[in-house]
file run26.cif (mmCIF, C-alpha atoms and all ligand atoms)
data_protein
#
loop_
_atom_site.label_atom_id
_atom_site.label_comp_id
_atom_site.auth_asym_id
_atom_site.auth_seq_id
_atom_site.Cartn_x
_atom_site.Cartn_y
_atom_site.Cartn_z
CA MET Y 28 -14.32 -23.68 27.30
CA PRO Y 29 -14.06 -23.00 23.53
CA THR Y 30 -11.27 -20.53 22.79
CA VAL Y 31 -10.19 -18.36 19.90
CA ALA Y 32 -8.46 -20.56 17.31
CA ALA Y 33 -4.68 -20.61 17.78
CA SER Y 34 -4.23 -19.55 14.15
CA ALA Y 35 -6.29 -16.42 14.83
CA ALA Y 36 -4.78 -15.77 18.25
CA GLN Y 37 -1.24 -15.71 16.83
CA VAL Y 38 -2.02 -12.88 14.39
CA PRO Y 39 -0.38 -9.85 15.99
CA GLN Y 40 -2.14 -6.52 16.61
CA SER Y 41 -1.07 -3.68 14.30
CA ARG Y 42 1.37 -1.50 16.26
CA ILE Y 43 0.30 1.53 14.21
CA ARG Y 44 -3.20 1.03 15.59
CA GLU Y 45 -1.90 0.62 19.13
CA LEU Y 46 -0.34 4.06 19.06
CA ALA Y 47 -3.22 5.60 17.10
CA GLU Y 48 -5.79 4.36 19.63
CA ALA Y 49 -3.90 6.18 22.39
CA ALA Y 50 -3.62 9.32 20.24
CA MET Y 51 -7.37 9.27 19.54
CA ARG Y 52 -8.06 9.54 23.26
CA MET Y 53 -6.06 12.78 23.43
CA ASP Y 54 -7.05 16.27 22.27
CA GLY Y 55 -5.04 18.39 19.84
CA VAL Y 56 -2.78 15.67 18.41
CA LEU Y 57 -1.02 16.41 15.11
CA LYS Y 58 -2.05 13.21 13.36
CA LEU Y 59 0.54 11.83 10.98
CA TYR Y 60 0.25 8.16 11.88
CA PHE Y 61 -2.31 6.80 9.42
CA GLY Y 62 -1.74 6.15 5.73
CA GLU Y 63 -4.35 8.37 4.22
CA SER Y 64 -4.60 11.75 2.64
CA ASN Y 65 -6.39 14.50 4.54
CA ILE Y 66 -8.19 15.45 1.31
CA PRO Y 67 -11.84 14.34 1.25
CA THR Y 68 -13.18 12.33 -1.70
CA PRO Y 69 -13.74 14.77 -4.61
CA GLY Y 70 -17.34 15.95 -5.07
CA TYR Y 71 -17.75 14.47 -8.57
CA ILE Y 72 -17.14 10.96 -7.17
CA LYS Y 73 -19.59 11.50 -4.29
CA ARG Y 74 -22.21 12.72 -6.75
CA ALA Y 75 -21.60 9.69 -8.98
CA ALA Y 76 -22.27 7.42 -5.98
CA SER Y 77 -25.56 9.10 -5.15
CA ASP Y 78 -26.56 9.10 -8.85
CA ALA Y 79 -25.78 5.37 -8.93
CA LEU Y 80 -28.03 4.78 -5.92
CA GLU Y 81 -30.81 6.72 -7.63
CA ALA Y 82 -30.24 4.79 -10.84
CA GLY Y 83 -30.80 1.50 -9.03
CA TYR Y 84 -27.30 0.19 -8.33
CA THR Y 85 -28.58 -1.34 -5.13
CA PHE Y 86 -28.60 -5.01 -6.18
CA TYR Y 87 -26.00 -7.77 -6.27
CA THR Y 88 -23.39 -7.68 -9.05
CA GLU Y 89 -21.08 -10.35 -10.48
CA ASN Y 90 -18.56 -11.79 -7.99
CA ALA Y 91 -15.75 -10.36 -10.15
CA GLY Y 92 -17.38 -6.92 -10.26
CA LEU Y 93 -19.39 -4.93 -12.83
CA PRO Y 94 -18.26 -5.84 -16.35
CA GLY Y 95 -18.23 -2.11 -17.20
CA LEU Y 96 -15.80 -1.34 -14.40
CA ARG Y 97 -13.56 -4.24 -15.40
CA GLN Y 98 -13.54 -2.94 -18.96
CA ASP Y 99 -12.61 0.55 -17.69
CA LEU Y 100 -9.76 -0.98 -15.69
CA ALA Y 101 -8.53 -2.86 -18.75
CA ASP Y 102 -8.60 0.42 -20.72
CA TYR Y 103 -6.75 2.13 -17.87
CA TYR Y 104 -3.91 -0.41 -18.10
CA ALA Y 105 -3.80 -0.06 -21.88
CA ARG Y 106 -3.61 3.74 -21.55
CA LEU Y 107 -1.19 4.03 -18.66
CA HIS Y 108 1.03 0.97 -19.07
CA GLU Y 109 0.42 -0.26 -22.59
CA VAL Y 110 -0.61 -3.58 -21.08
CA ARG Y 111 -3.50 -5.51 -22.63
CA LEU Y 112 -5.68 -7.34 -20.12
CA ASP Y 113 -8.78 -9.43 -20.63
CA PRO Y 114 -11.39 -7.70 -18.46
CA LEU Y 115 -13.49 -10.80 -18.08
CA SER Y 116 -10.84 -13.30 -17.04
CA GLU Y 117 -7.85 -11.35 -15.65
CA ILE Y 118 -9.40 -8.57 -13.53
CA VAL Y 119 -11.35 -9.03 -10.29
CA VAL Y 120 -12.91 -6.07 -8.48
CA THR Y 121 -12.50 -6.36 -4.71
CA ALA Y 122 -13.91 -4.59 -1.67
CA SER Y 123 -10.55 -2.78 -1.04
CA GLY Y 124 -6.86 -3.31 -1.61
CA VAL Y 125 -6.71 -5.34 1.61
CA GLN Y 126 -9.33 -7.68 0.23
CA ALA Y 127 -7.35 -8.04 -3.02
CA LEU Y 128 -4.37 -9.10 -0.89
CA ASN Y 129 -6.58 -11.38 1.16
CA VAL Y 130 -8.22 -13.28 -1.66
CA GLY Y 131 -5.03 -13.36 -3.75
CA ILE Y 132 -2.95 -14.83 -0.94
CA ARG Y 133 -5.73 -17.26 -0.06
CA CYS Y 134 -5.71 -18.54 -3.64
CA VAL Y 135 -2.02 -19.47 -3.68
CA LEU Y 136 -1.04 -20.61 -0.18
CA ASP Y 137 -1.80 -23.83 1.61
CA PRO Y 138 -1.46 -24.25 5.37
CA GLY Y 139 2.22 -24.77 6.25
CA ASP Y 140 3.49 -22.90 3.17
CA GLU Y 141 6.03 -20.12 3.46
CA ALA Y 142 6.04 -16.68 1.88
CA LEU Y 143 8.89 -14.19 1.55
CA ALA Y 144 7.88 -10.58 2.21
CA LEU Y 145 10.15 -7.62 1.48
CA THR Y 146 10.23 -5.37 4.54
CA PRO Y 147 9.89 -2.83 6.09
CA ALA Y 148 6.34 -3.13 4.80
CA TRP Y 149 2.79 -2.33 5.76
CA PRO Y 150 2.04 -5.32 7.98
CA ASN Y 151 -1.23 -6.53 6.46
CA ALA Y 152 0.16 -8.92 3.83
CA SER Y 153 2.19 -10.79 6.47
CA ALA Y 154 -0.78 -10.86 8.84
CA ILE Y 155 -2.98 -12.29 6.07
CA ILE Y 156 -0.36 -14.97 5.36
CA ARG Y 157 -0.58 -15.93 9.04
CA MET Y 158 -4.39 -15.95 8.89
CA ASP Y 159 -4.05 -18.54 6.13
CA ASN Y 160 -1.97 -20.74 8.46
CA ALA Y 161 1.18 -20.07 6.47
CA THR Y 162 4.44 -18.44 7.56
CA PRO Y 163 5.71 -15.05 6.40
CA LEU Y 164 9.48 -14.52 6.34
CA ALA Y 165 10.59 -10.89 6.55
CA MET Y 166 13.28 -10.03 4.01
CA PRO Y 167 14.67 -6.57 4.86
CA LEU Y 168 15.61 -4.23 2.05
CA VAL Y 169 19.15 -2.95 2.50
CA LEU Y 170 19.99 0.77 2.58
CA ARG Y 171 23.01 1.34 0.32
CA GLY Y 172 24.21 4.72 -0.84
CA GLY Y 173 20.97 6.43 0.19
CA ARG Y 174 18.69 3.94 -1.63
CA TYR Y 175 16.99 0.73 -0.55
CA THR Y 176 17.94 -2.36 -2.55
CA ILE Y 177 16.77 -5.97 -2.62
CA ASP Y 178 19.09 -8.55 -1.07
CA PHE Y 179 18.67 -11.37 -3.59
CA GLY Y 180 21.32 -13.44 -1.78
CA ALA Y 181 19.18 -13.40 1.37
CA LEU Y 182 16.06 -14.28 -0.65
CA GLN Y 183 17.86 -17.24 -2.18
CA ALA Y 184 19.16 -18.38 1.21
CA SER Y 185 15.65 -18.28 2.71
CA LEU Y 186 14.03 -20.59 0.18
CA THR Y 187 12.74 -23.92 1.44
CA PRO Y 188 10.65 -26.58 -0.30
CA ARG Y 189 7.57 -24.89 1.24
CA THR Y 190 8.23 -21.42 -0.19
CA ARG Y 191 5.39 -20.56 -2.54
CA LEU Y 192 5.12 -16.78 -2.65
CA LEU Y 193 7.15 -13.57 -2.76
CA VAL Y 194 5.32 -10.35 -1.79
CA TYR Y 195 6.57 -6.82 -2.26
CA THR Y 196 5.11 -3.32 -2.33
CA SER Y 197 6.15 -0.73 -4.89
CA PRO Y 198 5.84 2.21 -4.30
CA SER Y 199 6.45 1.11 -0.74
CA ASN Y 200 4.61 1.96 2.41
CA PRO Y 201 6.54 2.99 4.57
CA LEU Y 202 9.74 3.57 2.56
CA GLY Y 203 8.55 5.35 -0.56
CA TRP Y 204 10.99 3.02 -2.31
CA VAL Y 205 10.02 2.15 -5.88
CA ALA Y 206 11.38 -0.99 -7.54
CA THR Y 207 13.31 -0.05 -10.67
CA GLU Y 208 12.51 -1.84 -13.90
CA ALA Y 209 15.76 -3.79 -13.51
CA GLU Y 210 14.73 -4.84 -9.99
CA GLN Y 211 11.31 -5.88 -11.27
CA GLU Y 212 12.96 -8.03 -13.94
CA GLN Y 213 15.15 -9.64 -11.28
CA LEU Y 214 12.14 -10.28 -9.03
CA LEU Y 215 10.27 -11.86 -11.91
CA GLU Y 216 13.25 -14.01 -12.89
CA PHE Y 217 13.71 -15.07 -9.27
CA ALA Y 218 10.04 -16.06 -9.01
CA ARG Y 219 10.14 -17.87 -12.35
CA SER Y 220 13.27 -19.83 -11.55
CA HIS Y 221 12.00 -20.94 -8.12
CA ASP Y 222 8.37 -21.61 -9.06
CA LEU Y 223 7.03 -18.89 -6.79
CA TRP Y 224 4.00 -16.69 -7.04
CA LEU Y 225 4.95 -13.02 -7.21
CA LEU Y 226 2.48 -10.65 -5.57
CA ALA Y 227 3.05 -6.96 -6.22
CA ASP Y 228 1.16 -4.51 -4.05
CA GLU Y 229 0.88 -1.51 -6.37
CA VAL Y 230 -1.75 0.51 -4.52
CA TYR Y 231 0.50 3.62 -4.58
CA GLU Y 232 1.38 3.37 -8.28
CA ARG Y 233 -0.12 6.77 -9.07
CA ILE Y 234 1.65 8.51 -6.18
CA TYR Y 235 4.97 8.64 -8.00
CA TYR Y 236 7.40 11.54 -8.30
CA ARG Y 237 10.02 10.35 -10.77
CA GLY Y 238 7.95 10.09 -13.91
CA PRO Y 239 8.73 12.30 -16.93
CA GLU Y 240 5.65 14.35 -15.95
CA VAL Y 241 3.24 14.64 -13.05
CA GLY Y 242 0.70 11.82 -13.06
CA VAL Y 243 2.81 9.21 -14.86
CA PRO Y 244 2.48 6.01 -12.81
CA ALA Y 245 5.30 4.02 -11.29
CA PRO Y 246 6.30 1.10 -13.48
CA SER Y 247 4.01 -1.90 -12.99
CA ILE Y 248 5.24 -5.48 -12.90
CA LEU Y 249 2.54 -6.17 -15.48
CA ARG Y 250 4.70 -4.47 -18.11
CA LYS Y 251 7.32 -7.17 -17.62
CA ALA Y 252 5.15 -10.22 -16.96
CA THR Y 253 3.46 -12.36 -19.57
CA ARG Y 254 -0.12 -13.47 -19.00
CA ASN Y 255 1.18 -16.95 -18.20
CA ASP Y 256 3.44 -15.78 -15.38
CA ALA Y 257 2.48 -16.57 -11.79
CA VAL Y 258 1.98 -12.88 -11.04
CA MET Y 259 -0.70 -11.04 -9.08
CA VAL Y 260 -1.16 -7.32 -8.55
CA ALA Y 261 -3.18 -5.86 -5.66
CA GLN Y 262 -4.69 -2.44 -6.32
CA SER Y 263 -6.98 0.10 -4.71
CA PHE Y 264 -9.06 3.24 -5.30
CA SER Y 265 -8.16 4.43 -1.79
CA LYS Y 266 -4.98 6.40 -2.37
CA THR Y 267 -5.33 7.67 -5.96
CA TYR Y 268 -8.87 8.98 -5.59
CA CYS Y 269 -8.96 9.74 -1.83
CA MET Y 270 -11.48 6.95 -1.29
CA THR Y 271 -10.09 5.15 1.77
CA GLY Y 272 -13.47 4.83 3.47
CA TRP Y 273 -15.24 3.50 0.39
CA ARG Y 274 -13.40 0.14 0.38
CA LEU Y 275 -12.82 -0.58 -3.27
CA GLY Y 276 -9.88 -2.20 -5.03
CA TRP Y 277 -9.04 -4.77 -7.64
CA MET Y 278 -6.64 -7.54 -8.44
CA ILE Y 279 -5.00 -8.60 -11.67
CA ALA Y 280 -3.90 -12.21 -11.88
CA ARG Y 281 -3.25 -15.10 -14.17
CA ARG Y 282 -6.58 -16.38 -15.45
CA ASP Y 283 -6.76 -19.49 -13.21
CA VAL Y 284 -6.20 -17.50 -10.02
CA ALA Y 285 -8.43 -14.62 -11.13
CA GLU Y 286 -11.26 -17.07 -11.76
CA LYS Y 287 -10.73 -18.74 -8.41
CA ALA Y 288 -10.54 -15.36 -6.64
CA ALA Y 289 -13.84 -14.30 -8.19
CA GLN Y 290 -15.40 -17.53 -7.02
CA LEU Y 291 -13.97 -17.21 -3.48
CA ASN Y 292 -15.31 -13.66 -3.34
CA GLU Y 293 -18.75 -15.24 -3.09
CA PHE Y 294 -17.80 -16.66 0.30
CA ILE Y 295 -15.95 -13.58 1.58
CA VAL Y 296 -17.95 -10.49 0.56
CA SER Y 297 -19.75 -11.77 -2.56
CA HIS Y 298 -18.65 -8.58 -4.35
CA ALA Y 299 -17.79 -4.95 -3.76
CA PRO Y 300 -20.80 -2.62 -3.21
CA SER Y 301 -22.64 -2.05 -6.49
CA PHE Y 302 -23.08 1.75 -6.35
CA ILE Y 303 -19.46 2.22 -5.27
CA GLN Y 304 -18.26 0.23 -8.27
CA ARG Y 305 -20.35 2.53 -10.44
CA ALA Y 306 -18.87 5.64 -8.79
CA ALA Y 307 -15.39 4.20 -9.38
CA GLN Y 308 -16.04 4.26 -13.12
CA THR Y 309 -16.53 8.01 -12.82
CA ALA Y 310 -13.34 8.31 -10.74
CA ILE Y 311 -11.35 6.59 -13.48
CA ALA Y 312 -12.94 8.68 -16.21
CA HIS Y 313 -12.55 12.10 -14.57
CA GLY Y 314 -9.90 11.75 -11.88
CA GLU Y 315 -6.70 12.76 -13.64
CA GLU Y 316 -6.79 16.52 -13.10
CA GLU Y 317 -7.57 16.26 -9.40
CA LEU Y 318 -4.85 13.61 -9.06
CA ARG Y 319 -2.25 15.89 -10.64
CA ARG Y 320 -3.17 18.70 -8.24
CA MET Y 321 -2.80 16.33 -5.30
CA LEU Y 322 0.58 15.09 -6.55
CA ILE Y 323 1.96 18.62 -6.79
CA ARG Y 324 0.93 19.28 -3.18
CA LEU Y 325 2.31 15.95 -2.00
CA LYS Y 326 5.67 16.52 -3.65
CA GLU Y 327 5.95 19.94 -1.99
CA ASN Y 328 5.13 18.34 1.36
CA ARG Y 329 7.68 15.59 0.80
CA ASP Y 330 10.39 18.14 0.00
CA PHE Y 331 9.45 20.25 3.01
CA CYS Y 332 9.70 17.23 5.35
CA LEU Y 333 12.96 16.03 3.82
CA SER Y 334 14.60 19.40 4.23
CA ALA Y 335 13.33 19.78 7.82
CA LEU Y 336 14.45 16.26 8.79
CA ARG Y 337 17.87 16.63 7.21
CA GLN Y 338 18.58 19.55 9.53
CA MET Y 339 17.86 17.43 12.61
CA PRO Y 340 20.86 15.90 14.37
CA GLY Y 341 21.27 12.13 14.03
CA VAL Y 342 18.56 11.76 11.39
CA THR Y 343 19.17 10.02 8.04
CA VAL Y 344 16.35 10.02 5.54
CA PRO Y 345 16.43 8.57 2.03
CA SER Y 346 14.42 10.50 -0.55
CA PRO Y 347 11.21 8.60 -1.36
CA ASP Y 348 10.23 8.24 -5.02
CA GLY Y 349 6.60 7.40 -4.33
CA ALA Y 350 3.74 7.02 -1.82
CA PHE Y 351 3.29 9.69 0.86
CA TYR Y 352 5.62 8.77 3.68
CA VAL Y 353 9.10 9.58 4.90
CA PHE Y 354 10.87 6.96 6.96
CA PRO Y 355 13.74 8.67 8.82
CA LYS Y 356 16.30 6.58 10.65
CA ILE Y 357 17.29 7.99 14.02
CA ASP Y 358 20.79 7.37 15.39
CA GLY Y 359 20.80 5.20 18.49
CA LEU Y 360 17.09 4.34 18.25
CA THR Y 361 16.41 0.79 19.42
CA ASP Y 362 12.77 1.01 20.48
CA SER Y 363 10.80 3.01 17.93
CA PHE Y 364 7.51 2.35 19.75
CA ALA Y 365 8.85 3.90 22.98
CA PHE Y 366 10.15 6.84 20.95
CA CYS Y 367 6.78 7.48 19.28
CA TRP Y 368 4.94 7.01 22.57
CA LYS Y 369 7.11 9.59 24.35
CA LEU Y 370 6.89 11.98 21.39
CA LEU Y 371 3.10 11.69 21.48
CA GLN Y 372 2.82 12.24 25.25
CA GLU Y 373 5.26 15.16 25.37
CA THR Y 374 4.57 16.97 22.11
CA LYS Y 375 1.25 15.66 20.80
CA VAL Y 376 2.84 14.65 17.51
CA GLY Y 377 1.43 11.28 16.39
CA ILE Y 378 3.63 9.26 14.03
CA ALA Y 379 4.00 5.52 13.42
CA PRO Y 380 6.81 3.44 14.94
CA GLY Y 381 9.11 1.74 12.42
CA VAL Y 382 8.80 -1.53 14.33
CA ALA Y 383 5.21 -1.77 13.03
CA PHE Y 384 6.62 -2.45 9.56
CA GLY Y 385 8.72 -5.47 10.45
CA ALA Y 386 12.40 -6.31 10.11
CA GLY Y 387 14.55 -3.37 9.14
CA GLY Y 388 12.16 -0.78 10.56
CA GLU Y 389 13.15 -0.82 14.24
CA GLU Y 390 15.46 2.22 14.08
CA SER Y 391 13.05 4.41 12.11
CA VAL Y 392 9.69 6.13 12.32
CA ARG Y 393 7.09 6.72 9.62
CA ILE Y 394 5.64 10.15 8.99
CA CYS Y 395 2.68 10.49 6.62
CA TYR Y 396 3.00 13.83 4.83
CA ALA Y 397 -0.40 13.75 3.10
CA ALA Y 398 -1.44 16.47 5.55
CA GLU Y 399 -1.88 20.22 5.63
CA ARG Y 400 1.16 22.43 6.03
CA ALA Y 401 -0.51 23.86 9.14
CA ILE Y 402 0.01 20.41 10.69
CA LEU Y 403 3.32 19.42 9.11
CA GLU Y 404 5.16 22.61 10.06
CA PRO Y 405 4.51 22.50 13.83
CA ALA Y 406 5.01 18.73 13.77
CA MET Y 407 8.50 19.11 12.30
CA GLU Y 408 9.35 21.89 14.76
CA ARG Y 409 8.22 19.80 17.72
CA LEU Y 410 10.06 16.72 16.47
CA ALA Y 411 13.28 18.76 16.08
CA ARG Y 412 12.91 20.13 19.61
CA PHE Y 413 12.13 16.70 21.03
CA LEU Y 414 15.21 15.18 19.36
CA SER Y 415 17.52 17.85 20.71
CA THR Y 416 16.07 17.95 24.26
CA SER Y 417 14.01 14.99 25.48
CA TRP Y 418 15.62 12.27 23.36
CA SER Y 419 19.32 13.20 23.21
C1 LIG S 501 0.84 -0.94 0.97
C2 LIG S 501 -0.63 -0.93 1.10
N1 LIG S 501 -1.33 -1.88 0.48
C3 LIG S 501 -2.67 -1.91 0.55
C4 LIG S 501 -3.35 -0.97 1.28
C5 LIG S 501 -4.85 -1.13 1.35
O1 LIG S 501 -5.61 -0.15 0.88
P1 LIG S 501 -7.19 -0.25 0.97
O2 LIG S 501 -7.52 -1.49 1.68
O3 LIG S 501 -7.64 0.98 1.66
O4 LIG S 501 -7.64 -0.32 -0.45
C6 LIG S 501 -2.67 0.02 1.98
C7 LIG S 501 -3.36 1.01 2.82
O5 LIG S 501 -2.78 1.69 3.62
C8 LIG S 501 -1.26 0.04 1.87
O6 LIG S 501 -0.54 0.97 2.51
#
call {"tool": "encode", "arguments": {"input": "run26.cif", "output": "structure tokens"}}
result
Amino acid sequence: MPTVAASAAQVPQSRIRELAEAAMRMDGVLKLYFGESNIPTPGYIKRAASDALEAGYTFYTENAGLPGLRQDLADYYARLHEVRLDPLSEIVVTASGVQALNVGIRCVLDPGDEALALTPAWPNASAIIRMDNATPLAMPLVLRGGRYTIDFGALQASLTPRTRLLVYTSPSNPLGWVATEAEQEQLLEFARSHDLWLLADEVYERIYYRGPEVGVPAPSILRKATRNDAVMVAQSFSKTYCMTGWRLGWMIARRDVAEKAAQLNEFIVSHAPSFIQRAAQTAIAHGEEELRRMLIRLKENRDFCLSALRQMPGVTVPSPDGAFYVFPKIDGLTDSFAFCWKLLQETKVGIAPGVAFGAGGEESVRICYAAERAILEPAMERLARFLSTSWS
């Protein structure tokens, strides 16, 4: 009997989903397991989408996306990062950040190739590498003095003649870690000297707390790279503009890969939905004020969670500089899935097990704090009680 292809069968199920599916069958769960804000898409973006439908954006567009949107993205990089991009040859609009990862990785890996992935990390990049019949190698970040750092010695030691790609996420899901400019330079140098592609997942770049003022993005690798470097950036409208369900993102890449990605888009989704691309132009044009309001709320939530967690016995939690997660490490934890499962059953608090994010995550759990205080406060209280009673 025909079976599912081995290459598809070996792609593991997301362990975040596994727990979430159980939580969705229960009533009254405090949901902090998914990576999305509880804020709905702002009204002005929704109106722009319906105006676009009325105006006739119901037909196919270019594989690389509407030229107007690509121009707006080029202007966005010039404004926010002082980086000049050619909208026609270096920017490809995608149907989500995941699709940017998908088409980008597909463009640079052959079956049997190897890719280094900094972990703990959102598992999709590694799963996509597997879907392309290549092998991801988890490279755990190391917690030193309260901050995660890259172990370049381990990266060097893991290189083989088949290594073609290095993937990292900054700001990181689940760590909130943000690569410093010095670390970005080192990553770029490492990639250059070993002929690797460097793929930076920057979907959380606007959710950044260490800028000189609210709304300043995290540093992008594009500020360091030249247009001839083997660098790709995956990006998304999901997190910045509360548009997770809309499925829109983009990728920036060296011209040859960007052109190939646009062409491969034809065979994957052809292009992102036309009216959504049009609405995204409005999001870019008018989104800054709403974004700043969201960032102020997120930072307050982050600080609330950090202070609650730091009072809990046996919990160590580095302060995240970006994204909207805390990733506390719990003394003596060996099976984070069992921990989250028991927490869910006994207290109805739904969080994600660290094991879902690969090597280095096993002793931790991920809490998404892009939620209302009316959810975060009881969740922290129940977690504290659980740690001191059921789990000790
Ligand atoms: C690190 C990271 N990259 C990419 C994405 C993909 O975002 P989307 O596909 O919604 O654009 C996510 C979503 O959670 C993420 O956490």
call {"tool": "residues_near_ligand", "arguments": {"input": "run26.cif", "ligand": "ligand LIG 501 (chain S)", "cutoff": "9 Å", "atoms": "all atoms listed in the file", "output": "count of residues only"}}
result
42
call {"tool": "closest_residue", "arguments": {"input": "run26.cif", "among": "Y:Val56, Y:Ser41, Y:Ser301, Y:Pro67", "to": "Y:Pro405", "atoms": "all atoms listed in the file"}}
result
Y:Val56
call {"tool": "closest_residue", "arguments": {"input": "run26.cif", "among": "Y:Ala35, Y:Ile311, Y:Val120, Y:Leu115", "to": "Y:Ala161", "atoms": "all atoms listed in the file"}}
result
Y:Ala35
call {"tool": "closest_atom_pairs", "arguments": {"input": "run26.cif", "of": "stretch 207-283 of chain Y", "to": "stretch 314-328 of chain Y", "cutoff": "7 Å", "atoms": "only C-alpha atoms", "output": "Markdown table"}}
result
| residue | atom | partner | partner_atom | distance |
| --- | --- | --- | --- | --- |
| Y:Ile234 | CA | Y:Leu322 | CA | 6.7 |
| Y:Val241 | CA | Y:Arg319 | CA | 6.1 |
| Y:Gly242 | CA | Y:Arg319 | CA | 5.6 |
| Y:Thr267 | CA | Y:Leu318 | CA | 6.7 |
| Y:Tyr268 | CA | Y:Gly314 | CA | 6.9 |
call {"tool": "atom_distance", "arguments": {"input": "run26.cif", "atom1": "atom CA of Y:Leu182", "atom2": "atom CA of Y:Asn255"}}
result
23.2 Å
call {"tool": "residues_around", "arguments": {"input": "run26.cif", "residues": "Y:Ala285", "least_positions_apart": "4", "cutoff": "7 Å", "atoms": "all atoms listed in the file", "output": "list in words"}}
result
Ser116, Glu117, Ile118, Val119, Ile279, Ala280, Arg281 and Ala289 of chain Y
call {"tool": "atom_distance", "arguments": {"input": "run26.cif", "atom1": "atom CA of Y:Ala101", "atom2": "atom CA of Y:Asp113"}}
result
6.8 Å
call {"tool": "residues_around", "arguments": {"input": "run26.cif", "residues": "Y:Cys367", "least_positions_apart": "6", "cutoff": "7 Å", "atoms": "only C-alpha atoms", "output": "PyMOL selection string"}}
result
chain Y and resi 378-380
call {"tool": "closest_residue", "arguments": {"input": "run26.cif", "among": "Y:Pro114, Y:Gly180, Y:Gly55, Y:Gly92", "to": "Y:Met166", "atoms": "only C-alpha atoms"}}
result
Y:Gly180
call {"tool": "closest_residue", "arguments": {"input": "run26.cif", "among": "Y:Ala383, Y:Ala252, Y:Leu333, Y:Leu168", "to": "Y:Met407", "atoms": "all atoms listed in the file"}}
result
Y:Leu333
call {"tool": "atom_distance", "arguments": {"input": "run26.cif", "atom1": "atom CA of Y:Thr68", "atom2": "atom CA of Y:Cys269"}}
result
5.0 Å
call {"tool": "residues_around", "arguments": {"input": "run26.cif", "residues": "Y:Gly377", "least_positions_apart": "5", "cutoff": "7 Å", "atoms": "all atoms listed in the file", "output": "ChimeraX atom specification"}}
result
/Y:50,56-60,371
call {"tool": "closest_residue", "arguments": {"input": "run26.cif", "among": "Y:Met28, Y:Val205, Y:Ile303, Y:Leu336", "to": "Y:Ala76", "atoms": "all atoms listed in the file"}}
result
Y:Ile303
call {"tool": "axis_aligned_box", "arguments": {"input": "run26.cif", "around": "stretch 68-71 of chain Y", "padding_each_side": "8 Å", "output": "lines of an AutoDock Vina configuration file"}}
result
center_x = -15.5
center_y = 14.1
center_z = -5.1
size_x = 20.6
size_y = 19.6
size_z = 22.9
